[in-house]
Amino acid sequence: MPNANYREDFPVYEKNPELIYLDSAASSLRARPIIDAMSQYASYAHANIHRGAYRLSFEATEKYEEVRKKVAKWIGAKESNEVIFTQGTTDSMNHLMHFFEDDDRFEKGKKIVLSIFEHHSNLVPWQQLAKKKGMILEYIYDFSEESLKQIDTTTQIVAISLMSNAVGLIPPIETIIQKAHAVGALVVGDGAQYITHREINVCQLDIDFFAFSGHKCFGPTGIGVLYGKRQWLEAMPPPRFGGDMIEYVTEQETTFAGLPNKLEAGTPNIDGVIGLGAAVDYMIYRQVQNNNTLDALREYAVDQLSELDFIRLVQPLKDSETILYGPIISFTVKDVHPHDVASILDQSNIAIRAGHHCAQPLMKYLELTGTCRISFSIYNTRDDVDALILALKSVRRWLGYES
Ligand code: PLP
């Protein structure tokens with residue numbers, strides 16, 4: 001089976017050959033082609049963009065705008081101007097929140113519907129928006145016909161993660177979008193996890209907004225994308241004011257540039273965009289999305305973990321026909337706090353995530369204080385799972401339990 005060779009793409013393993021990295025949902029490891037592309041740009045091709053009247057600047061601008069086109073094509077946007085570079089998913093959601101806040105169409109007494117599976121990035125902004133505008137924040141706890149009836153004519157915004165970072169759940173997004181549009185509500189998609197694991201076509205899906213972060217798809221931190229349908233982005237006021245986002249400035253007045261510049265004030269994260277472009281190339285080259293090997297690895301890990309009687313898998317709605325799971329697994333270890341599990345596994349060079357995974361309302365709903373979470377990427381193999389299982393077997397003994 002898998003892809004042992006892909007590990008060679010990741011220099012971190014050269015220095016840490018023993019590393020078993022099972023925390024890609026937090027941030028993926030950095031692949032060499034991305035590091036090289038960024039270093040090449042920084043060494044030989046950097047200049048500020050959009051404003052220089054010389055070759056180096058033209059070329060940097062071209063490279064930057066090429067990435068916009070590449071991302072647009074990759075996610076199935078109609079046009080590249082629908083791709084806005086941000087600092088990441090959180091930043092994208094905050095841009096949107098300010099947009100909705102300033103727009104009178106989003107009104108007191110109307111609803112924002114979220115699922116309970118949201119990351120705080122796709123929850124706290126909406127909670128704040130609801131408070132500021134007197135809107136009603138409602139959660140759906142499953143995706144049954146009955147629950148989706150909560151998306152009714154009073155709903156204006158539905159914000160939903162396409163893959164939960166905490167438990168890996170993939171909701172029936174097509175149905176949710178249809179229901180939302182049928183009542184005139186907008187759909188904001190959090191694609192931070194989904195983007196590396198499943199292909200997306202925002203146009204076919206007819207989603208209104210879609211956000212993701214570069215660092216979860218082999219790229220650098222501090223860069224991300226906000227996709228929005230043109231009509232919405234055009235209606236958005238600039239989130240920041242300054243250089244690059246203007247058309248004309250007088251002493252008292254400013255007219256703003258068109259898309260996308262209007263929404264990208266100041267010198268942007270050009271290095272990040274170059275890295276993101278290389279990351280997209282890399283993901284296409286390695287066929288990271290819809291990767292059967294990773295899905296099989298998840299199944300293998302679920303089977304292995306299920307064999308251990310002190311492990312409880314946390315898989316909400318797993319028996320629901322409309323729910324799928326991505327390669328992220330949450331579990332608890334009997335009598336042992338997740339942080340202790342993570343620290344003990346670290347002794348065996350196994351990196352896992354422990355805690356609430358920025359999903360405290362979900363943890364409360366599941367009556368848990370936290371979980372252990374493993375998440376896979378293309379550098380993981382069955383050997384990693386076997387090493388994890390072996391190490392887990394000793395966790396309870398470390399703490400003085402008999403088995
Ligand atoms: N949404 C989900 C589902 C995530 O997993 C994360 C990060 O873990 C975020 C949003 C926030 O991403 P960022 O910290 O890159 O803004």
# chains A, B, ... in the order shown; residues from 1 in each chain; ligands from 1

call {"tool": "residues_around", "arguments": {"residues": "A:Ser164", "least_positions_apart": "4", "cutoff": "8 Å", "atoms": "only C-alpha atoms", "output": "list in words"}}
result
Phe117, Glu118, His119, Gly168, Leu169, Ile170 and Gln193 of chain A

call {"tool": "residues_around", "arguments": {"residues": "A:Val225", "least_positions_apart": "6", "cutoff": "10 Å", "atoms": "only C-alpha atoms", "output": "PyMOL selection string"}}
result
chain A and resi 68+71-72+82-89+91-92+191-192+210-214+273+276

call {"tool": "residues_around", "arguments": {"residues": "A:Asn291", "least_positions_apart": "5", "cutoff": "9 Å", "atoms": "only C-alpha atoms", "output": "NGL selection string"}}
result
:A and (197-198 or 296 or 378)

call {"tool": "write_last_selection", "arguments": {"atoms": "N, CA and C atoms", "output": "PDB file, in the first residue's frame"}}
result
ATOM      1  N   HIS A 197      -8.739  17.200   1.139  1.00  0.00           N
ATOM      2  CA  HIS A 197      -9.190  15.809   1.062  1.00  0.00           C
ATOM      3  C   HIS A 197     -10.240  15.530  -0.007  1.00  0.00           C
ATOM      4  N   ARG A 198     -10.951  16.546  -0.428  1.00  0.00           N
ATOM      5  CA  ARG A 198     -11.996  16.323  -1.432  1.00  0.00           C
ATOM      6  C   ARG A 198     -11.922  17.422  -2.486  1.00  0.00           C
ATOM      7  N   ALA A 296      -8.600   4.626   2.864  1.00  0.00           N
ATOM      8  CA  ALA A 296      -8.337   3.252   3.326  1.00  0.00           C
ATOM      9  C   ALA A 296      -7.526   3.283   4.626  1.00  0.00           C
ATOM     10  N   ILE A 378      -0.756  12.617   3.007  1.00  0.00           N
ATOM     11  CA  ILE A 378      -0.153  11.665   2.068  1.00  0.00           C
ATOM     12  C   ILE A 378       1.182  11.074   2.540  1.00  0.00           C
TER      13      ILE A 378
END

call {"tool": "residues_around", "arguments": {"residues": "A:Arg51", "least_positions_apart": "4", "cutoff": "10 Å", "atoms": "only C-alpha atoms", "output": "PyMOL selection string"}}
result
chain A and resi 47+57-58+61+243-244

call {"tool": "atom_distance", "arguments": {"atom1": "atom CA of A:Val314", "atom2": "atom CA of A:Leu366"}}
result
8.8 Å

call {"tool": "residues_around", "arguments": {"residues": "A:Thr153", "least_positions_apart": "3", "cutoff": "9 Å", "atoms": "only C-alpha atoms", "output": "list in words"}}
result
Lys110, Lys111, Gln156, Ala180, Ala182, Val183, Gly184 and Ala185 of chain A

call {"tool": "select_by_dssp", "arguments": {"residues": "stretch 151-329 of chain A", "states": "strand (DSSP E or B)", "output": "PDB file with N, CA and C atoms, in the first residue's frame"}}
result
ATOM      1  N   THR A 155     -34.240  32.541   7.745  1.00  0.00           N
ATOM      2  CA  THR A 155     -32.777  32.340   7.741  1.00  0.00           C
ATOM      3  C   THR A 155     -32.125  33.187   6.656  1.00  0.00           C
ATOM      4  N   GLN A 156     -31.057  33.869   7.034  1.00  0.00           N
ATOM      5  CA  GLN A 156     -30.321  34.664   6.027  1.00  0.00           C
ATOM      6  C   GLN A 156     -28.933  34.125   5.735  1.00  0.00           C
ATOM      7  N   ILE A 157     -28.346  33.464   6.733  1.00  0.00           N
ATOM      8  CA  ILE A 157     -26.981  32.946   6.548  1.00  0.00           C
ATOM      9  C   ILE A 157     -26.914  31.520   7.100  1.00  0.00           C
ATOM     10  N   VAL A 158     -26.319  30.635   6.322  1.00  0.00           N
ATOM     11  CA  VAL A 158     -26.015  29.295   6.828  1.00  0.00           C
ATOM     12  C   VAL A 158     -24.489  29.156   6.725  1.00  0.00           C
ATOM     13  N   ALA A 159     -23.839  28.918   7.859  1.00  0.00           N
ATOM     14  CA  ALA A 159     -22.373  28.796   7.851  1.00  0.00           C
ATOM     15  C   ALA A 159     -22.023  27.376   8.266  1.00  0.00           C
ATOM     16  N   ILE A 160     -21.270  26.698   7.410  1.00  0.00           N
ATOM     17  CA  ILE A 160     -21.116  25.259   7.630  1.00  0.00           C
ATOM     18  C   ILE A 160     -19.729  24.794   7.197  1.00  0.00           C
ATOM     19  N   SER A 161     -19.160  23.919   8.011  1.00  0.00           N
ATOM     20  CA  SER A 161     -17.875  23.353   7.648  1.00  0.00           C
ATOM     21  C   SER A 161     -18.107  22.134   6.754  1.00  0.00           C
ATOM     22  N   LEU A 169     -16.253  14.659  10.347  1.00  0.00           N
ATOM     23  CA  LEU A 169     -17.564  14.468   9.711  1.00  0.00           C
ATOM     24  C   LEU A 169     -17.751  15.358   8.471  1.00  0.00           C
ATOM     25  N   ILE A 170     -18.318  14.766   7.422  1.00  0.00           N
ATOM     26  CA  ILE A 170     -18.623  15.515   6.188  1.00  0.00           C
ATOM     27  C   ILE A 170     -20.150  15.595   6.056  1.00  0.00           C
ATOM     28  N   LEU A 186     -27.888  32.708   2.297  1.00  0.00           N
ATOM     29  CA  LEU A 186     -26.545  32.538   1.749  1.00  0.00           C
ATOM     30  C   LEU A 186     -25.834  31.401   2.457  1.00  0.00           C
ATOM     31  N   VAL A 187     -24.931  30.735   1.742  1.00  0.00           N
ATOM     32  CA  VAL A 187     -24.171  29.670   2.392  1.00  0.00           C
ATOM     33  C   VAL A 187     -22.685  30.017   2.408  1.00  0.00           C
ATOM     34  N   VAL A 188     -22.133  30.008   3.621  1.00  0.00           N
ATOM     35  CA  VAL A 188     -20.704  30.231   3.817  1.00  0.00           C
ATOM     36  C   VAL A 188     -20.081  28.875   4.125  1.00  0.00           C
ATOM     37  N   GLY A 189     -19.141  28.439   3.306  1.00  0.00           N
ATOM     38  CA  GLY A 189     -18.520  27.134   3.505  1.00  0.00           C
ATOM     39  C   GLY A 189     -17.126  27.262   4.093  1.00  0.00           C
ATOM     40  N   ASP A 190     -16.892  26.554   5.184  1.00  0.00           N
ATOM     41  CA  ASP A 190     -15.552  26.496   5.767  1.00  0.00           C
ATOM     42  C   ASP A 190     -14.872  25.267   5.169  1.00  0.00           C
ATOM     43  N   PHE A 209     -19.951  31.457  -0.558  1.00  0.00           N
ATOM     44  CA  PHE A 209     -18.600  31.784  -0.091  1.00  0.00           C
ATOM     45  C   PHE A 209     -17.903  30.491   0.327  1.00  0.00           C
ATOM     46  N   PHE A 210     -16.582  30.473   0.172  1.00  0.00           N
ATOM     47  CA  PHE A 210     -15.828  29.276   0.542  1.00  0.00           C
ATOM     48  C   PHE A 210     -14.434  29.741   0.975  1.00  0.00           C
ATOM     49  N   ALA A 211     -13.995  29.274   2.133  1.00  0.00           N
ATOM     50  CA  ALA A 211     -12.718  29.758   2.669  1.00  0.00           C
ATOM     51  C   ALA A 211     -11.790  28.597   2.991  1.00  0.00           C
ATOM     52  N   PHE A 212     -10.499  28.812   2.787  1.00  0.00           N
ATOM     53  CA  PHE A 212      -9.514  27.820   3.251  1.00  0.00           C
ATOM     54  C   PHE A 212      -8.173  28.479   3.527  1.00  0.00           C
ATOM     55  N   SER A 213      -7.278  27.714   4.144  1.00  0.00           N
ATOM     56  CA  SER A 213      -5.965  28.224   4.571  1.00  0.00           C
ATOM     57  C   SER A 213      -4.845  27.485   3.856  1.00  0.00           C
ATOM     58  N   GLY A 224      -4.371  32.557   2.797  1.00  0.00           N
ATOM     59  CA  GLY A 224      -5.589  31.768   2.619  1.00  0.00           C
ATOM     60  C   GLY A 224      -6.416  32.388   1.524  1.00  0.00           C
ATOM     61  N   VAL A 225      -7.591  31.838   1.348  1.00  0.00           N
ATOM     62  CA  VAL A 225      -8.443  32.267   0.244  1.00  0.00           C
ATOM     63  C   VAL A 225      -9.860  32.493   0.762  1.00  0.00           C
ATOM     64  N   LEU A 226     -10.451  33.549   0.246  1.00  0.00           N
ATOM     65  CA  LEU A 226     -11.896  33.714   0.367  1.00  0.00           C
ATOM     66  C   LEU A 226     -12.451  33.715  -1.051  1.00  0.00           C
ATOM     67  N   TYR A 227     -13.211  32.669  -1.363  1.00  0.00           N
ATOM     68  CA  TYR A 227     -13.934  32.681  -2.636  1.00  0.00           C
ATOM     69  C   TYR A 227     -15.302  33.280  -2.359  1.00  0.00           C
ATOM     70  N   GLY A 228     -15.778  34.081  -3.287  1.00  0.00           N
ATOM     71  CA  GLY A 228     -17.159  34.580  -3.181  1.00  0.00           C
ATOM     72  C   GLY A 228     -17.720  34.774  -4.571  1.00  0.00           C
ATOM     73  N   ILE A 246      -7.398  51.388  -4.070  1.00  0.00           N
ATOM     74  CA  ILE A 246      -8.078  52.622  -4.476  1.00  0.00           C
ATOM     75  C   ILE A 246      -8.104  52.774  -5.988  1.00  0.00           C
ATOM     76  N   GLU A 247      -9.064  53.581  -6.430  1.00  0.00           N
ATOM     77  CA  GLU A 247      -9.060  53.978  -7.827  1.00  0.00           C
ATOM     78  C   GLU A 247      -8.501  55.394  -7.903  1.00  0.00           C
ATOM     79  N   TYR A 248      -9.034  56.278  -7.035  1.00  0.00           N
ATOM     80  CA  TYR A 248      -8.593  57.669  -7.037  1.00  0.00           C
ATOM     81  C   TYR A 248      -8.805  58.267  -5.647  1.00  0.00           C
ATOM     82  N   VAL A 249      -7.815  59.033  -5.197  1.00  0.00           N
ATOM     83  CA  VAL A 249      -7.927  59.635  -3.865  1.00  0.00           C
ATOM     84  C   VAL A 249      -7.757  61.144  -3.961  1.00  0.00           C
ATOM     85  N   THR A 254     -12.361  59.151  -1.542  1.00  0.00           N
ATOM     86  CA  THR A 254     -11.651  58.069  -2.236  1.00  0.00           C
ATOM     87  C   THR A 254     -12.651  57.245  -3.032  1.00  0.00           C
ATOM     88  N   THR A 255     -12.298  56.927  -4.248  1.00  0.00           N
ATOM     89  CA  THR A 255     -13.086  55.908  -4.943  1.00  0.00           C
ATOM     90  C   THR A 255     -12.249  54.634  -4.929  1.00  0.00           C
ATOM     91  N   PHE A 256     -12.954  53.501  -4.843  1.00  0.00           N
ATOM     92  CA  PHE A 256     -12.242  52.242  -4.645  1.00  0.00           C
ATOM     93  C   PHE A 256     -12.017  51.504  -5.958  1.00  0.00           C
ATOM     94  N   ILE A 311     -10.292   2.228  24.294  1.00  0.00           N
ATOM     95  CA  ILE A 311     -10.456   3.366  23.374  1.00  0.00           C
ATOM     96  C   ILE A 311     -11.937   3.536  23.056  1.00  0.00           C
ATOM     97  N   ARG A 312     -12.392   4.790  23.086  1.00  0.00           N
ATOM     98  CA  ARG A 312     -13.750   5.071  22.612  1.00  0.00           C
ATOM     99  C   ARG A 312     -13.650   6.020  21.426  1.00  0.00           C
ATOM    100  N   LEU A 313     -14.095   5.543  20.286  1.00  0.00           N
ATOM    101  CA  LEU A 313     -14.078   6.407  19.096  1.00  0.00           C
ATOM    102  C   LEU A 313     -15.195   7.432  19.204  1.00  0.00           C
ATOM    103  N   VAL A 314     -14.893   8.632  18.781  1.00  0.00           N
ATOM    104  CA  VAL A 314     -15.904   9.695  18.828  1.00  0.00           C
ATOM    105  C   VAL A 314     -16.323   9.982  17.387  1.00  0.00           C
ATOM    106  N   LEU A 324     -20.613  11.345   5.780  1.00  0.00           N
ATOM    107  CA  LEU A 324     -19.366  10.650   5.435  1.00  0.00           C
ATOM    108  C   LEU A 324     -18.286  11.121   6.403  1.00  0.00           C
ATOM    109  N   TYR A 325     -17.144  10.462   6.331  1.00  0.00           N
ATOM    110  CA  TYR A 325     -16.027  10.868   7.188  1.00  0.00           C
ATOM    111  C   TYR A 325     -14.749  11.032   6.379  1.00  0.00           C
ATOM    112  N   ILE A 328      -9.814  11.997   9.498  1.00  0.00           N
ATOM    113  CA  ILE A 328      -9.576  12.618  10.812  1.00  0.00           C
ATOM    114  C   ILE A 328     -10.340  11.753  11.818  1.00  0.00           C
ATOM    115  N   ILE A 329      -9.643  11.311  12.861  1.00  0.00           N
ATOM    116  CA  ILE A 329     -10.303  10.416  13.827  1.00  0.00           C
ATOM    117  C   ILE A 329     -10.122  10.969  15.236  1.00  0.00           C
TER     118      ILE A 329
END

call {"tool": "atom_distance", "arguments": {"atom1": "atom CA of A:Gln40", "atom2": "atom CA of A:Ala60"}}
result
12.0 Å

call {"tool": "closest_residue", "arguments": {"among": "A:Trp126, A:Phe143, A:Tyr285, A:Tyr194", "to": "ligand 1", "atoms": "only C-alpha atoms and all ligand atoms"}}
result
A:Tyr194

call {"tool": "atom_distance", "arguments": {"atom1": "atom CA of A:Met135", "atom2": "atom 11 (C, counted along the ligand's line) of ligand 1"}}
result
23.5 Å

call {"tool": "closest_residue", "arguments": {"among": "A:Ile116, A:Ile176, A:Ile270, A:Ile200", "to": "A:Ile49", "atoms": "only C-alpha atoms"}}
result
A:Ile270

call {"tool": "select_by_dssp", "arguments": {"residues": "stretch 202-382 of chain A", "states": "helix (DSSP H, G or I)", "output": "count of residues only"}}
result
63

call {"tool": "closest_residue", "arguments": {"among": "A:Lys15, A:His215, A:Arg286, A:Arg298", "to": "ligand 1", "atoms": "only C-alpha atoms and all ligand atoms"}}
result
A:His215

call {"tool": "decode", "arguments": {"residues": "stretch 361-372 of chain A", "atoms": "all heavy atoms", "output": "mmCIF file, in the first residue's frame"}}
result
data_model
loop_
_atom_site.group_PDB
_atom_site.id
_atom_site.type_symbol
_atom_site.label_atom_id
_atom_site.label_comp_id
_atom_site.auth_asym_id
_atom_site.auth_seq_id
_atom_site.Cartn_x
_atom_site.Cartn_y
_atom_site.Cartn_z
ATOM 1 N N PRO A 361 -18.210 24.238 21.784
ATOM 2 C CA PRO A 361 -19.641 23.887 21.843
ATOM 3 C C PRO A 361 -19.900 22.428 21.460
ATOM 4 O O PRO A 361 -20.761 21.770 22.045
ATOM 5 C CB PRO A 361 -20.289 24.857 20.846
ATOM 6 C CG PRO A 361 -19.366 26.038 20.848
ATOM 7 C CD PRO A 361 -17.988 25.442 20.980
ATOM 8 N N LEU A 362 -19.129 21.922 20.498
ATOM 9 C CA LEU A 362 -19.298 20.506 20.108
ATOM 10 C C LEU A 362 -18.908 19.593 21.267
ATOM 11 O O LEU A 362 -19.614 18.628 21.595
ATOM 12 C CB LEU A 362 -18.453 20.186 18.862
ATOM 13 C CG LEU A 362 -18.444 18.709 18.465
ATOM 14 C CD1 LEU A 362 -19.835 18.227 18.053
ATOM 15 C CD2 LEU A 362 -17.444 18.438 17.329
ATOM 16 N N MET A 363 -17.778 19.913 21.910
ATOM 17 C CA MET A 363 -17.322 19.067 23.027
ATOM 18 C C MET A 363 -18.379 19.054 24.133
ATOM 19 O O MET A 363 -18.680 18.014 24.702
ATOM 20 C CB MET A 363 -15.981 19.583 23.570
ATOM 21 C CG MET A 363 -14.821 19.421 22.609
ATOM 22 S SD MET A 363 -14.490 17.700 22.172
ATOM 23 C CE MET A 363 -14.211 17.820 20.425
ATOM 24 N N LYS A 364 -18.934 20.231 24.408
ATOM 25 C CA LYS A 364 -19.960 20.312 25.458
ATOM 26 C C LYS A 364 -21.157 19.452 25.053
ATOM 27 O O LYS A 364 -21.687 18.684 25.871
ATOM 28 C CB LYS A 364 -20.373 21.777 25.644
ATOM 29 C CG LYS A 364 -21.367 21.988 26.732
ATOM 30 C CD LYS A 364 -21.060 23.253 27.527
ATOM 31 C CE LYS A 364 -21.779 23.251 28.846
ATOM 32 N NZ LYS A 364 -23.102 23.826 28.795
ATOM 33 N N TYR A 365 -21.561 19.578 23.795
ATOM 34 C CA TYR A 365 -22.712 18.812 23.300
ATOM 35 C C TYR A 365 -22.453 17.308 23.419
ATOM 36 O O TYR A 365 -23.336 16.523 23.751
ATOM 37 C CB TYR A 365 -22.979 19.214 21.851
ATOM 38 C CG TYR A 365 -24.063 18.415 21.181
ATOM 39 C CD1 TYR A 365 -25.386 18.510 21.588
ATOM 40 C CD2 TYR A 365 -23.756 17.541 20.124
ATOM 41 C CE1 TYR A 365 -26.374 17.766 20.977
ATOM 42 C CE2 TYR A 365 -24.741 16.796 19.507
ATOM 43 C CZ TYR A 365 -26.053 16.906 19.945
ATOM 44 O OH TYR A 365 -27.031 16.171 19.341
ATOM 45 N N LEU A 366 -21.207 16.902 23.158
ATOM 46 C CA LEU A 366 -20.856 15.478 23.226
ATOM 47 C C LEU A 366 -20.525 15.042 24.660
ATOM 48 O O LEU A 366 -20.157 13.887 24.891
ATOM 49 C CB LEU A 366 -19.653 15.176 22.322
ATOM 50 C CG LEU A 366 -19.844 15.417 20.810
ATOM 51 C CD1 LEU A 366 -18.521 15.233 20.059
ATOM 52 C CD2 LEU A 366 -20.899 14.473 20.250
ATOM 53 N N GLU A 367 -20.620 16.009 25.590
ATOM 54 C CA GLU A 367 -20.295 15.766 27.000
ATOM 55 C C GLU A 367 -18.874 15.257 27.167
ATOM 56 O O GLU A 367 -18.594 14.275 27.848
ATOM 57 C CB GLU A 367 -21.315 14.794 27.621
ATOM 58 C CG GLU A 367 -22.711 15.395 27.622
ATOM 59 C CD GLU A 367 -23.764 14.459 28.183
ATOM 60 O OE1 GLU A 367 -23.436 13.293 28.481
ATOM 61 O OE2 GLU A 367 -24.912 14.889 28.326
ATOM 62 N N LEU A 368 -17.978 15.934 26.489
ATOM 63 C CA LEU A 368 -16.555 15.605 26.593
ATOM 64 C C LEU A 368 -15.797 16.892 26.928
ATOM 65 O O LEU A 368 -16.233 17.976 26.539
ATOM 66 C CB LEU A 368 -16.031 15.097 25.247
ATOM 67 C CG LEU A 368 -16.584 13.767 24.728
ATOM 68 C CD1 LEU A 368 -16.220 13.583 23.262
ATOM 69 C CD2 LEU A 368 -16.028 12.613 25.556
ATOM 70 N N THR A 369 -14.641 16.742 27.591
ATOM 71 C CA THR A 369 -13.830 17.952 27.786
ATOM 72 C C THR A 369 -12.835 18.090 26.644
ATOM 73 O O THR A 369 -12.299 19.158 26.384
ATOM 74 C CB THR A 369 -13.043 17.897 29.111
ATOM 75 O OG1 THR A 369 -12.375 16.641 29.151
ATOM 76 C CG2 THR A 369 -13.961 18.052 30.297
ATOM 77 N N GLY A 370 -12.593 16.986 25.977
ATOM 78 C CA GLY A 370 -11.668 17.014 24.843
ATOM 79 C C GLY A 370 -11.501 15.608 24.306
ATOM 80 O O GLY A 370 -12.065 14.653 24.851
ATOM 81 N N THR A 371 -10.775 15.509 23.215
ATOM 82 C CA THR A 371 -10.477 14.184 22.649
ATOM 83 C C THR A 371 -9.018 14.154 22.204
ATOM 84 O O THR A 371 -8.354 15.185 22.150
ATOM 85 C CB THR A 371 -11.349 13.874 21.397
ATOM 86 O OG1 THR A 371 -10.911 14.701 20.319
ATOM 87 C CG2 THR A 371 -12.829 14.076 21.638
ATOM 88 N N CYS A 372 -8.584 12.953 21.859
ATOM 89 C CA CYS A 372 -7.323 12.802 21.132
ATOM 90 C C CYS A 372 -7.726 12.791 19.653
ATOM 91 O O CYS A 372 -8.747 12.193 19.307
ATOM 92 C CB CYS A 372 -6.652 11.476 21.442
ATOM 93 S SG CYS A 372 -6.368 11.217 23.186
#
